[in-house]
$ cat upload-v6.cif   # mmCIF, C-alpha atoms and all ligand atoms
data_protein
loop_
_atom_site.label_atom_id
_atom_site.label_comp_id
_atom_site.auth_asym_id
_atom_site.auth_seq_id
_atom_site.Cartn_x
_atom_site.Cartn_y
_atom_site.Cartn_z
CA MET A 511 -11.83 7.65 92.84
CA LYS A 512 -14.61 9.93 91.76
CA GLU A 513 -12.67 10.83 88.60
CA ILE A 514 -12.04 7.18 87.71
CA GLY A 515 -15.76 6.47 88.13
CA LEU A 516 -16.60 9.36 85.85
CA GLU A 517 -14.17 8.13 83.22
CA MET A 518 -15.72 4.65 83.29
CA ASP A 519 -19.17 6.16 82.95
CA LEU A 520 -18.09 8.11 79.89
CA GLU A 521 -16.49 5.04 78.34
CA ALA A 522 -19.66 3.03 78.87
CA GLN A 523 -21.75 5.79 77.38
CA GLU A 524 -19.49 5.94 74.33
CA LYS A 525 -19.90 2.18 73.85
CA VAL A 526 -23.67 2.47 74.01
CA GLU A 527 -23.61 5.27 71.46
CA LEU A 528 -21.44 3.23 69.09
CA CYS A 529 -23.57 0.18 69.67
CA ARG A 530 -26.70 2.00 68.55
CA SER A 531 -25.27 2.28 65.06
CA VAL A 532 -24.65 -1.45 64.76
CA PRO A 533 -27.37 -3.94 63.73
CA ALA A 534 -28.91 -5.77 66.71
CA ASP A 535 -27.45 -9.19 65.82
CA LEU A 536 -23.93 -7.80 65.85
CA GLN A 537 -24.26 -5.77 69.01
CA MET A 538 -23.14 -8.45 71.47
CA SER A 539 -19.95 -9.26 69.60
CA TYR A 540 -19.34 -5.59 69.26
CA ILE A 541 -19.57 -4.99 73.00
CA GLN A 542 -17.31 -7.96 73.71
CA GLY A 543 -14.86 -6.98 70.99
CA THR A 544 -14.70 -10.58 69.71
CA ASP A 545 -14.51 -9.56 66.05
CA LEU A 546 -11.77 -7.05 66.52
CA PHE A 547 -9.62 -8.48 63.72
CA GLY A 548 -12.41 -9.84 61.56
CA TYR A 549 -15.66 -8.16 60.76
CA VAL A 550 -15.42 -4.41 61.19
CA GLY A 551 -19.05 -3.58 60.49
CA ILE A 552 -18.62 -0.81 57.93
CA GLU A 553 -21.67 -2.03 56.06
CA ALA A 554 -23.74 -0.96 59.07
CA VAL A 555 -23.39 2.54 57.70
CA LEU A 556 -26.04 1.60 55.12
CA ASP A 557 -28.47 1.00 57.94
CA GLN A 558 -27.58 4.32 59.51
CA MET A 559 -28.05 6.12 56.20
CA ARG A 560 -31.38 4.42 55.67
CA ARG A 561 -32.62 5.46 59.09
CA LYS A 562 -31.46 9.03 58.51
CA THR A 563 -33.20 9.19 55.13
CA ILE A 564 -36.41 7.81 56.59
CA LYS A 565 -36.31 10.41 59.34
CA ALA A 566 -35.45 13.33 57.07
CA GLY A 567 -37.71 12.37 54.16
CA LEU A 568 -37.10 13.29 50.54
CA GLU A 569 -37.93 16.31 48.48
CA PHE A 570 -38.15 15.98 44.72
CA ASN A 571 -39.21 18.69 42.32
CA ILE A 572 -40.15 18.21 38.67
CA MET A 573 -41.10 20.92 36.20
CA VAL A 574 -43.13 20.52 32.98
CA VAL A 575 -42.33 22.85 30.08
CA GLY A 576 -43.42 23.13 26.45
CA GLN A 577 -45.79 24.61 23.93
CA SER A 578 -49.39 25.24 24.94
CA GLY A 579 -51.86 22.37 24.60
CA LEU A 580 -49.32 19.53 24.49
CA GLY A 581 -50.73 17.84 27.58
CA LYS A 582 -48.42 19.11 30.35
CA SER A 583 -51.13 19.56 32.97
CA THR A 584 -52.69 16.25 31.95
CA LEU A 585 -49.36 14.47 32.45
CA VAL A 586 -48.97 16.02 35.90
CA ASN A 587 -52.32 14.48 36.83
CA THR A 588 -51.36 11.19 35.18
CA LEU A 589 -48.24 11.06 37.31
CA PHE A 590 -50.14 11.65 40.53
CA LYS A 591 -52.93 9.28 39.57
CA SER A 592 -50.57 6.55 38.38
CA LYS A 593 -48.71 4.09 40.56
CA VAL A 594 -46.62 6.86 42.08
CA SER A 595 -49.34 7.73 44.49
CA ARG A 596 -52.42 5.64 43.85
CA LYS A 597 -52.12 3.83 47.14
CA SER A 598 -50.76 6.54 49.31
CA CYS A 599 -52.68 9.74 48.82
CA THR A 600 -56.01 11.06 47.69
CA PRO A 601 -55.33 14.30 45.89
CA ASN A 602 -58.05 16.70 44.84
CA TYR A 603 -58.32 16.74 41.11
CA GLU A 604 -59.73 19.45 39.00
CA GLU A 605 -62.79 18.15 37.21
CA LYS A 606 -61.63 19.49 33.89
CA ILE A 607 -58.08 20.48 33.09
CA SER A 608 -58.11 23.98 31.74
CA LYS A 609 -55.43 26.09 30.12
CA THR A 610 -52.62 26.88 32.54
CA VAL A 611 -52.27 30.63 32.88
CA LYS A 612 -49.58 30.94 35.52
CA LEU A 613 -46.71 28.90 36.90
CA HIS A 614 -47.83 26.93 39.96
CA SER A 615 -46.80 23.93 42.02
CA VAL A 616 -48.73 20.83 43.03
CA SER A 617 -47.30 18.75 45.89
CA HIS A 618 -48.17 15.40 47.38
CA VAL A 619 -46.49 13.52 50.17
CA ILE A 620 -46.00 9.93 49.11
CA GLU A 621 -45.12 7.23 51.61
CA GLU A 622 -43.83 3.76 50.87
CA LYS A 623 -42.29 1.34 53.38
CA GLY A 624 -41.81 4.15 55.87
CA VAL A 625 -39.97 6.41 53.41
CA LYS A 626 -41.70 9.73 52.89
CA MET A 627 -41.24 11.81 49.76
CA LYS A 628 -42.69 15.21 49.00
CA LEU A 629 -43.13 15.18 45.25
CA THR A 630 -43.72 18.62 43.78
CA VAL A 631 -44.59 19.18 40.14
CA ILE A 632 -44.30 22.71 38.80
CA ASP A 633 -46.83 23.24 36.03
CA THR A 634 -46.08 26.10 33.66
CA PRO A 635 -48.14 27.99 31.07
CA GLY A 636 -47.33 26.86 27.56
CA PHE A 637 -45.78 29.13 24.96
CA GLY A 638 -46.77 29.58 21.34
CA ASP A 639 -50.03 31.46 21.86
CA GLN A 640 -48.53 34.90 21.43
CA ILE A 641 -47.72 36.50 18.08
CA ASN A 642 -44.22 37.14 19.31
CA ASN A 643 -42.63 34.21 21.12
CA ASP A 644 -39.25 35.87 21.58
CA ASN A 645 -37.75 35.10 24.96
CA CYS A 646 -40.65 32.82 25.93
CA TRP A 647 -38.09 30.90 28.03
CA ASP A 648 -37.47 33.91 30.29
CA PRO A 649 -40.11 33.14 33.00
CA ILE A 650 -38.97 29.49 33.18
CA VAL A 651 -35.25 30.36 33.38
CA LYS A 652 -36.08 33.02 35.97
CA HIS A 653 -38.00 30.58 38.16
CA ILE A 654 -35.22 27.97 38.05
CA ASN A 655 -32.56 30.55 38.94
CA GLU A 656 -34.70 32.02 41.72
CA GLN A 657 -34.77 28.65 43.45
CA TYR A 658 -30.94 28.42 43.26
CA GLU A 659 -30.73 31.95 44.65
CA LYS A 660 -33.07 31.07 47.53
CA TYR A 661 -30.97 28.02 48.38
CA LEU A 662 -27.72 29.96 48.15
CA ARG A 663 -28.97 32.75 50.42
CA GLU A 664 -30.04 30.18 52.99
CA GLU A 665 -26.70 28.39 52.70
CA ILE A 666 -24.59 31.48 53.37
CA ASN A 667 -26.73 32.65 56.30
CA ILE A 668 -24.86 32.68 59.60
CA ASN A 669 -27.84 31.11 61.38
CA ARG A 670 -28.72 28.72 58.64
CA LYS A 671 -31.30 25.97 58.97
CA ARG A 672 -30.01 22.49 59.60
CA ARG A 673 -31.84 21.30 56.53
CA ILE A 674 -32.27 23.88 53.83
CA PRO A 675 -35.71 23.61 52.20
CA ASP A 676 -35.07 22.46 48.65
CA SER A 677 -37.27 24.04 46.01
CA ARG A 678 -34.66 23.64 43.25
CA VAL A 679 -35.92 22.03 40.04
CA HIS A 680 -34.39 18.55 39.94
CA CYS A 681 -35.75 17.68 36.53
CA CYS A 682 -37.44 19.51 33.69
CA ILE A 683 -39.67 17.45 31.40
CA TYR A 684 -39.62 19.18 28.03
CA PHE A 685 -42.63 18.47 25.78
CA LEU A 686 -42.09 18.17 22.03
CA PRO A 687 -45.06 18.19 19.64
CA ALA A 688 -45.53 14.91 17.77
CA THR A 689 -44.98 16.52 14.39
CA GLY A 690 -43.05 13.54 13.05
CA HIS A 691 -40.59 15.96 11.42
CA ARG A 692 -37.56 17.43 13.23
CA LEU A 693 -36.89 19.65 16.24
CA ARG A 694 -38.40 23.09 15.70
CA PRO A 695 -36.15 26.16 16.04
CA ILE A 696 -38.14 27.36 19.07
CA ASP A 697 -37.57 24.04 20.88
CA VAL A 698 -33.88 24.13 19.98
CA GLU A 699 -33.50 27.63 21.41
CA PHE A 700 -35.53 26.81 24.52
CA MET A 701 -33.68 23.59 25.31
CA LYS A 702 -30.26 25.13 24.63
CA ARG A 703 -30.94 27.61 27.41
CA LEU A 704 -32.52 25.13 29.77
CA GLY A 705 -29.81 22.50 29.32
CA LYS A 706 -27.26 24.83 30.82
CA ILE A 707 -29.15 25.28 34.09
CA VAL A 708 -31.26 22.17 34.71
CA SER A 709 -31.50 18.45 33.87
CA ILE A 710 -33.85 18.09 30.89
CA VAL A 711 -35.73 14.94 29.95
CA PRO A 712 -37.40 15.45 26.54
CA VAL A 713 -40.69 13.68 25.78
CA ILE A 714 -42.85 13.38 22.67
CA ALA A 715 -46.28 14.59 23.73
CA LYS A 716 -49.53 12.95 22.60
CA ALA A 717 -47.59 10.01 21.20
CA ASP A 718 -50.88 8.26 20.46
CA THR A 719 -51.04 10.38 17.30
CA LEU A 720 -47.99 8.62 15.78
CA THR A 721 -47.73 5.15 14.27
CA ILE A 722 -45.00 2.84 15.58
CA GLU A 723 -42.72 3.55 12.59
CA GLU A 724 -43.34 7.29 12.75
CA ARG A 725 -42.53 7.27 16.44
CA HIS A 726 -39.33 5.33 15.90
CA GLU A 727 -38.07 7.54 13.06
CA PHE A 728 -39.09 10.76 14.83
CA LYS A 729 -37.19 9.73 17.94
CA GLU A 730 -34.08 9.03 15.87
CA ARG A 731 -34.27 12.41 14.13
CA ILE A 732 -34.72 14.22 17.44
CA ARG A 733 -31.68 12.51 18.94
CA GLU A 734 -29.67 13.57 15.88
CA ASP A 735 -30.92 17.17 16.18
CA LEU A 736 -30.11 17.27 19.89
CA THR A 737 -26.53 16.20 19.16
CA VAL A 738 -26.10 18.55 16.19
CA ASN A 739 -27.34 21.49 18.24
CA GLY A 740 -25.20 20.62 21.26
CA ILE A 741 -28.22 20.27 23.57
CA ASP A 742 -27.38 18.48 26.78
CA VAL A 743 -30.17 16.26 27.98
CA TYR A 744 -30.23 14.02 31.02
CA PRO A 745 -28.47 11.63 31.68
CA GLN A 746 -25.30 13.30 30.40
CA ARG A 747 -22.51 10.94 29.33
CA GLU A 748 -19.84 12.92 31.14
CA TYR A 749 -21.46 12.23 34.51
CA ASP A 750 -21.67 8.43 34.17
CA GLU A 751 -19.77 7.20 37.19
CA ASP A 752 -18.65 3.74 36.04
CA PRO A 753 -18.98 1.33 33.10
CA GLU A 754 -22.04 -0.28 34.69
CA GLU A 755 -23.83 3.06 34.92
CA ARG A 756 -22.72 3.85 31.37
CA VAL A 757 -24.41 0.70 30.03
CA LEU A 758 -27.63 1.51 31.90
CA ASN A 759 -27.61 5.16 30.85
CA ASP A 760 -26.72 4.32 27.23
CA ARG A 761 -29.93 2.30 27.09
CA ILE A 762 -31.88 5.31 28.36
CA ARG A 763 -30.12 7.70 25.97
CA GLU A 764 -30.99 5.37 23.08
CA SER A 765 -34.67 5.45 23.99
CA LEU A 766 -35.00 9.22 24.45
CA PRO A 767 -37.23 11.15 23.96
CA PHE A 768 -39.91 9.08 25.72
CA ALA A 769 -43.10 8.88 23.68
CA VAL A 770 -45.77 9.57 26.30
CA VAL A 771 -49.53 9.64 26.51
CA GLY A 772 -51.36 11.34 29.34
CA THR A 773 -54.82 11.09 30.83
CA ASP A 774 -56.65 11.54 34.09
CA LYS A 775 -59.43 9.08 33.27
CA GLU A 776 -59.72 5.50 34.45
CA HIS A 777 -61.36 2.69 32.47
CA GLN A 778 -62.15 -0.96 33.05
CA VAL A 779 -59.89 -3.34 31.11
CA ASN A 780 -60.29 -7.08 31.80
CA GLY A 781 -61.86 -6.31 35.14
CA ASN A 782 -59.03 -3.96 36.19
CA LYS A 783 -59.12 -0.21 36.50
CA VAL A 784 -56.49 1.32 34.23
CA LEU A 785 -55.52 4.86 33.34
CA GLY A 786 -56.26 5.23 29.65
CA ARG A 787 -57.56 7.21 26.72
CA LYS A 788 -60.70 5.77 25.20
CA THR A 789 -60.81 5.98 21.43
CA LYS A 790 -63.21 4.52 18.88
CA TRP A 791 -60.84 1.65 18.22
CA GLY A 792 -59.86 0.81 21.78
CA ILE A 793 -58.26 2.02 24.99
CA ILE A 794 -54.71 3.36 25.06
CA GLU A 795 -53.38 2.22 28.41
CA VAL A 796 -51.08 4.90 29.70
CA GLU A 797 -49.15 2.66 32.11
CA ASN A 798 -48.80 -0.22 29.65
CA VAL A 799 -45.28 -0.23 28.16
CA ALA A 800 -46.63 -1.88 25.03
CA HIS A 801 -48.76 1.20 24.40
CA CYS A 802 -46.53 4.12 25.35
CA GLU A 803 -43.45 5.10 27.36
CA PHE A 804 -45.09 6.93 30.26
CA ALA A 805 -44.07 4.13 32.65
CA ASN A 806 -40.45 4.37 31.43
CA LEU A 807 -40.45 8.09 32.18
CA ARG A 808 -41.96 7.56 35.62
CA ASP A 809 -39.50 4.79 36.46
CA LEU A 810 -36.56 6.96 35.41
CA LEU A 811 -37.76 9.83 37.56
CA ILE A 812 -38.85 7.96 40.64
CA ARG A 813 -37.39 4.49 40.65
CA SER A 814 -33.96 4.51 39.07
CA HIS A 815 -32.58 8.07 38.84
CA LEU A 816 -34.21 10.15 41.58
CA GLN A 817 -31.09 10.44 43.72
CA ASP A 818 -28.86 10.97 40.69
CA LEU A 819 -31.11 13.81 39.47
CA LYS A 820 -30.84 15.40 42.91
CA ASP A 821 -27.06 14.94 42.89
CA VAL A 822 -26.59 16.39 39.40
CA THR A 823 -28.78 19.35 40.39
CA HIS A 824 -26.68 20.02 43.46
CA ASP A 825 -23.21 19.15 42.17
CA VAL A 826 -23.45 20.49 38.64
CA HIS A 827 -26.26 22.99 38.05
CA TYR A 828 -26.43 24.58 41.49
CA GLU A 829 -22.63 24.60 41.74
CA THR A 830 -22.36 26.48 38.42
CA TYR A 831 -24.90 29.02 39.68
CA ARG A 832 -23.18 29.34 43.06
CA VAL A 833 -19.74 29.96 41.56
CA ARG A 834 -21.14 32.54 39.15
CA ARG A 835 -23.06 34.35 41.88
CA LEU A 836 -20.16 34.40 44.30
CA ASN A 837 -17.99 35.94 41.59
CA GLU A 838 -20.59 38.57 40.86
CA SER A 839 -21.09 41.60 43.04
CA ASN A 840 -24.53 42.56 41.84
CA PRO A 841 -26.89 42.18 43.62
CA PRO A 842 -24.67 41.59 46.67
CA LEU A 843 -25.17 38.27 48.38
CA ILE A 844 -23.74 39.09 51.79
CA SER A 845 -24.55 42.77 52.27
CA HIS A 846 -26.49 41.99 55.44
CA LEU A 847 -23.42 40.59 57.23
CA PRO A 848 -21.45 42.85 59.62
CA ALA A 849 -18.00 43.89 58.44
CA TYR A 850 -15.27 41.60 59.83
CA PRO A 851 -13.97 42.03 62.51
CA ALA A 852 -17.18 43.39 63.98
CA ARG A 853 -15.28 45.59 66.48
CA PRO A 854 -11.63 46.24 67.13
CA ILE A 855 -9.96 43.80 69.57
CA THR A 856 -8.13 45.55 72.43
CA MET A 857 -5.13 44.12 74.30
CA THR A 858 -7.06 43.91 77.59
CA GLU A 859 -9.51 41.37 76.18
N1 LIG B 901 -54.47 12.64 22.13
C1 LIG B 901 -53.98 13.09 23.26
N2 LIG B 901 -54.51 14.19 23.84
C2 LIG B 901 -54.00 14.61 25.02
C3 LIG B 901 -52.92 13.95 25.66
N3 LIG B 901 -52.64 14.58 26.80
C4 LIG B 901 -53.51 15.61 26.89
N4 LIG B 901 -54.33 15.64 25.81
C5 LIG B 901 -55.41 16.59 25.54
O1 LIG B 901 -54.81 17.82 25.10
C6 LIG B 901 -55.54 18.94 25.57
C7 LIG B 901 -54.62 19.91 26.31
O2 LIG B 901 -54.12 19.31 27.47
P1 LIG B 901 -53.44 20.15 28.67
O3 LIG B 901 -52.99 19.14 29.65
O4 LIG B 901 -54.35 21.22 29.14
O5 LIG B 901 -52.22 20.80 27.91
P2 LIG B 901 -51.17 21.85 28.48
O6 LIG B 901 -49.87 21.53 27.83
O7 LIG B 901 -51.19 21.86 29.96
O8 LIG B 901 -51.71 23.23 27.91
P3 LIG B 901 -51.41 24.72 28.49
O9 LIG B 901 -51.87 24.75 29.89
O10 LIG B 901 -52.18 25.63 27.58
O11 LIG B 901 -49.95 24.94 28.33
C8 LIG B 901 -56.66 18.37 26.46
O12 LIG B 901 -57.82 18.29 25.72
C9 LIG B 901 -56.17 16.97 26.80
O13 LIG B 901 -57.22 16.08 27.05
C10 LIG B 901 -52.38 12.79 25.01
O14 LIG B 901 -51.43 12.15 25.49
N5 LIG B 901 -52.93 12.42 23.83
MG MG B 902 -51.51 23.32 31.33
#

$ encode --input "upload-v6.cif" --output "structure tokens"
Amino acid sequence: MKEIGLEMDLEAQEKVELCRSVPADLQMSYIQGTDLFGYVGIEAVLDQMRRKTIKAGLEFNIMVVGQSGLGKSTLVNTLFKSKVSRKSCTPNYEEKISKTVKLHSVSHVIEEKGVKMKLTVIDTPGFGDQINNDNCWDPIVKHINEQYEKYLREEININRKRRIPDSRVHCCIYFLPATGHRLRPIDVEFMKRLGKIVSIVPVIAKADTLTIEERHEFKERIREDLTVNGIDVYPQREYDEDPEERVLNDRIRESLPFAVVGTDKEHQVNGNKVLGRKTKWGIIEVENVAHCEFANLRDLLIRSHLQDLKDVTHDVHYETYRVRRLNESNPPLISHLPAYPARPITMTE
């Protein structure tokens, strides 16, 4: 009798567990089994995933790279001051943005409708100041690879964390000077190397210095040069999952590189506070799509492609690194593990 009671208890407990994953309005029919041959409730998985994501939170890491003085640090501030976080956090801003001398990260936790995201932007010192700019990509490539290495070491640990902290660079915004000409050899070399290890989104910096026609023609020439030089920028065609995604991504590919303007100053325009650059002939509104493409960049990063950027980082770039590292013996990845079997097994055991 006792055993039967125990069995019934277990069964009831199982039902309660299953019930918890089903939306409240469906729970009664679920318990009674009335919809056994009709509605199965698979869509409830979306609710479960949502709850899990809310609980776990998101981590998203962006890196800014490019020649010195192109406005990288300014754009980092623009991003944090713009709609991404205006409502949700009050970051401390530097009064005056000065030259970036070493690679550093700025993070803010952003919360919207209960979903928390830790957005980290890695600001890097610009290149082009030295007489010799050979291998100026080395510190950037090194940093990106170090984050993969950190993740990999955590992943292969016997006592690994349930959630591995993710410091991998999910997107690298590459700044191109608004020369109006073509891609410079240094940018070609830099992006060729970066494209193999990280998702790059190229932008034209200080786009307020170009006329509309210049901007349009410059963008076209850059796209040509990227293709000719075999530089892979995000979103890559080969990773489009279906025709629908292809149409959406084609539109993005046709509008790359985004012509952006950055600022950390706010001005009054028609009674509203807007982020903008005040010039003698008017205010360039940074978040106004009629003025520049900063909002398009932000929407791509945060609104439409955040999860895809994380997926491509994990499934493509990190995977490439992982396979290479596991095939390499130097430096050893698993030297700290005991030899297997740890001790000989005797027949008496
Ligand atoms: N016209 C114009 N000037 C800008 C823009 N963004 C930044 N600037 C100005 O360009 C100068 C350099 O900006 P930074 O943000 O320090 O540039 P950086 O790329 O971080 O420079 P490094 O730290 O040396 O690599 C500053 O005077 C900015 O005010 C822009 O979109 N348009
Ligand atoms: Mg800087």

$ residues_near_ligand --input "upload-v6.cif" --ligand "ligand MG 902 (chain B)" --cutoff "8 Å" --atoms "all atoms listed in the file" --output "list of chain:residue names"
A:Ser578, A:Gly579, A:Gly581, A:Lys582, A:Ser583, A:Thr584, A:Ile607, A:Ser608, A:Lys609, A:Thr610, A:Val611, A:Asp633, A:Thr634, A:Pro635, A:Gly636

$ residues_near_ligand --input "upload-v6.cif" --ligand "ligand LIG 901 (chain B)" --cutoff "10 Å" --atoms "only C-alpha atoms and all ligand atoms" --output "PyMOL selection string"
chain A and resi 574-588+606-613+633-639+685+688+714-720+769-775+786-789+794+796+802+804

$ write_last_selection --input "upload-v6.cif" --atoms "C-alpha atoms" --output "compact mmCIF listing (two decimals), in the coordinates of the input"
# COMPACT_ATOMS: atom_id res chain seq x y z
CA VAL A 574 -43.13 20.52 32.98
CA VAL A 575 -42.33 22.85 30.08
CA GLY A 576 -43.42 23.13 26.45
CA GLN A 577 -45.79 24.61 23.93
CA SER A 578 -49.39 25.24 24.94
CA GLY A 579 -51.86 22.37 24.60
CA LEU A 580 -49.32 19.53 24.49
CA GLY A 581 -50.73 17.84 27.58
CA LYS A 582 -48.42 19.11 30.35
CA SER A 583 -51.13 19.56 32.97
CA THR A 584 -52.69 16.25 31.95
CA LEU A 585 -49.36 14.47 32.45
CA VAL A 586 -48.97 16.02 35.90
CA ASN A 587 -52.32 14.48 36.83
CA THR A 588 -51.36 11.19 35.18
CA LYS A 606 -61.63 19.49 33.89
CA ILE A 607 -58.08 20.48 33.09
CA SER A 608 -58.11 23.98 31.74
CA LYS A 609 -55.43 26.09 30.12
CA THR A 610 -52.62 26.88 32.54
CA VAL A 611 -52.27 30.63 32.88
CA LYS A 612 -49.58 30.94 35.52
CA LEU A 613 -46.71 28.90 36.90
CA ASP A 633 -46.83 23.24 36.03
CA THR A 634 -46.08 26.10 33.66
CA PRO A 635 -48.14 27.99 31.07
CA GLY A 636 -47.33 26.86 27.56
CA PHE A 637 -45.78 29.13 24.96
CA GLY A 638 -46.77 29.58 21.34
CA ASP A 639 -50.03 31.46 21.86
CA PHE A 685 -42.63 18.47 25.78
CA ALA A 688 -45.53 14.91 17.77
CA ILE A 714 -42.85 13.38 22.67
CA ALA A 715 -46.28 14.59 23.73
CA LYS A 716 -49.53 12.95 22.60
CA ALA A 717 -47.59 10.01 21.20
CA ASP A 718 -50.88 8.26 20.46
CA THR A 719 -51.04 10.38 17.30
CA LEU A 720 -47.99 8.62 15.78
CA ALA A 769 -43.10 8.88 23.68
CA VAL A 770 -45.77 9.57 26.30
CA VAL A 771 -49.53 9.64 26.51
CA GLY A 772 -51.36 11.34 29.34
CA THR A 773 -54.82 11.09 30.83
CA ASP A 774 -56.65 11.54 34.09
CA LYS A 775 -59.43 9.08 33.27
CA GLY A 786 -56.26 5.23 29.65
CA ARG A 787 -57.56 7.21 26.72
CA LYS A 788 -60.70 5.77 25.20
CA THR A 789 -60.81 5.98 21.43
CA ILE A 794 -54.71 3.36 25.06
CA VAL A 796 -51.08 4.90 29.70
CA CYS A 802 -46.53 4.12 25.35
CA PHE A 804 -45.09 6.93 30.26

$ atom_distance --input "upload-v6.cif" --atom1 "atom CA of A:Val708" --atom2 "atom CA of A:Lys652"
11.9 Å

$ atom_distance --input "upload-v6.cif" --atom1 "atom CA of A:Ile654" --atom2 "atom CA of A:Glu748"
22.6 Å

$ atom_distance --input "upload-v6.cif" --atom1 "atom CA of A:Leu589" --atom2 "atom CA of A:Val698"
26.0 Å

$ closest_residue --input "upload-v6.cif" --among "A:His680, A:Ile696, A:Leu629, A:Pro687" --to "A:Asp644" --atoms "only C-alpha atoms"
A:Ile696

$ closest_residue --input "upload-v6.cif" --among "A:Asn571, A:Asn643, A:Asn739, A:Ser592" --to "A:Lys783" --atoms "all atoms listed in the file"
A:Ser592

$ residues_around --input "upload-v6.cif" --residues "stretch 615-618 of chain A" --least-positions-apart "6" --cutoff "6 Å" --atoms "only C-alpha atoms" --output "number ranges by chain"
A: 628-632

$ write_last_selection --input "upload-v6.cif" --atoms "C-alpha atoms" --output "JSON list (two decimals), in the coordinates of the input"
[["chain", "number", "residue", "atom", "x", "y", "z"],
["A", 628, "LYS", "CA", -42.69, 15.21, 49.00],
["A", 629, "LEU", "CA", -43.13, 15.18, 45.25],
["A", 630, "THR", "CA", -43.72, 18.62, 43.78],
["A", 631, "VAL", "CA", -44.59, 19.18, 40.14],
["A", 632, "ILE", "CA", -44.30, 22.71, 38.80]]

$ closest_residue --input "upload-v6.cif" --among "A:Leu662, A:Val757, A:Leu704, A:Leu686" --to "A:Pro649" --atoms "all atoms listed in the file"
A:Leu704

$ closest_residue --input "upload-v6.cif" --among "A:Glu754, A:His801, A:Gly690, A:Met559" --to "A:Glu724" --atoms "all atoms listed in the file"
A:Gly690

$ residues_around --input "upload-v6.cif" --residues "A:Cys681" --least-positions-apart "3" --cutoff "7 Å" --atoms "all atoms listed in the file" --output "JSON, numbers by chain"
{"A": [571, 572, 573, 708, 709, 710, 819]}

$ closest_atom_pairs --input "upload-v6.cif" --of "stretch 618-666 of chain A" --to "stretch 823-831 of chain A" --cutoff "9 Å" --atoms "all atoms listed in the file" --output "CSV"
residue,atom,partner,partner_atom,distance
A:Asn655,CA,A:Tyr831,CA,7.8
A:Tyr658,CA,A:Tyr828,CA,6.2
A:Glu659,CA,A:Tyr831,CA,8.2
A:Tyr661,CA,A:Tyr828,CA,8.9
A:Leu662,CA,A:Tyr828,CA,8.7

$ closest_residue --input "upload-v6.cif" --among "A:Asp557, A:Asp735, A:Glu727, A:Asp742" --to "A:Val711" --atoms "all atoms listed in the file"
A:Asp742
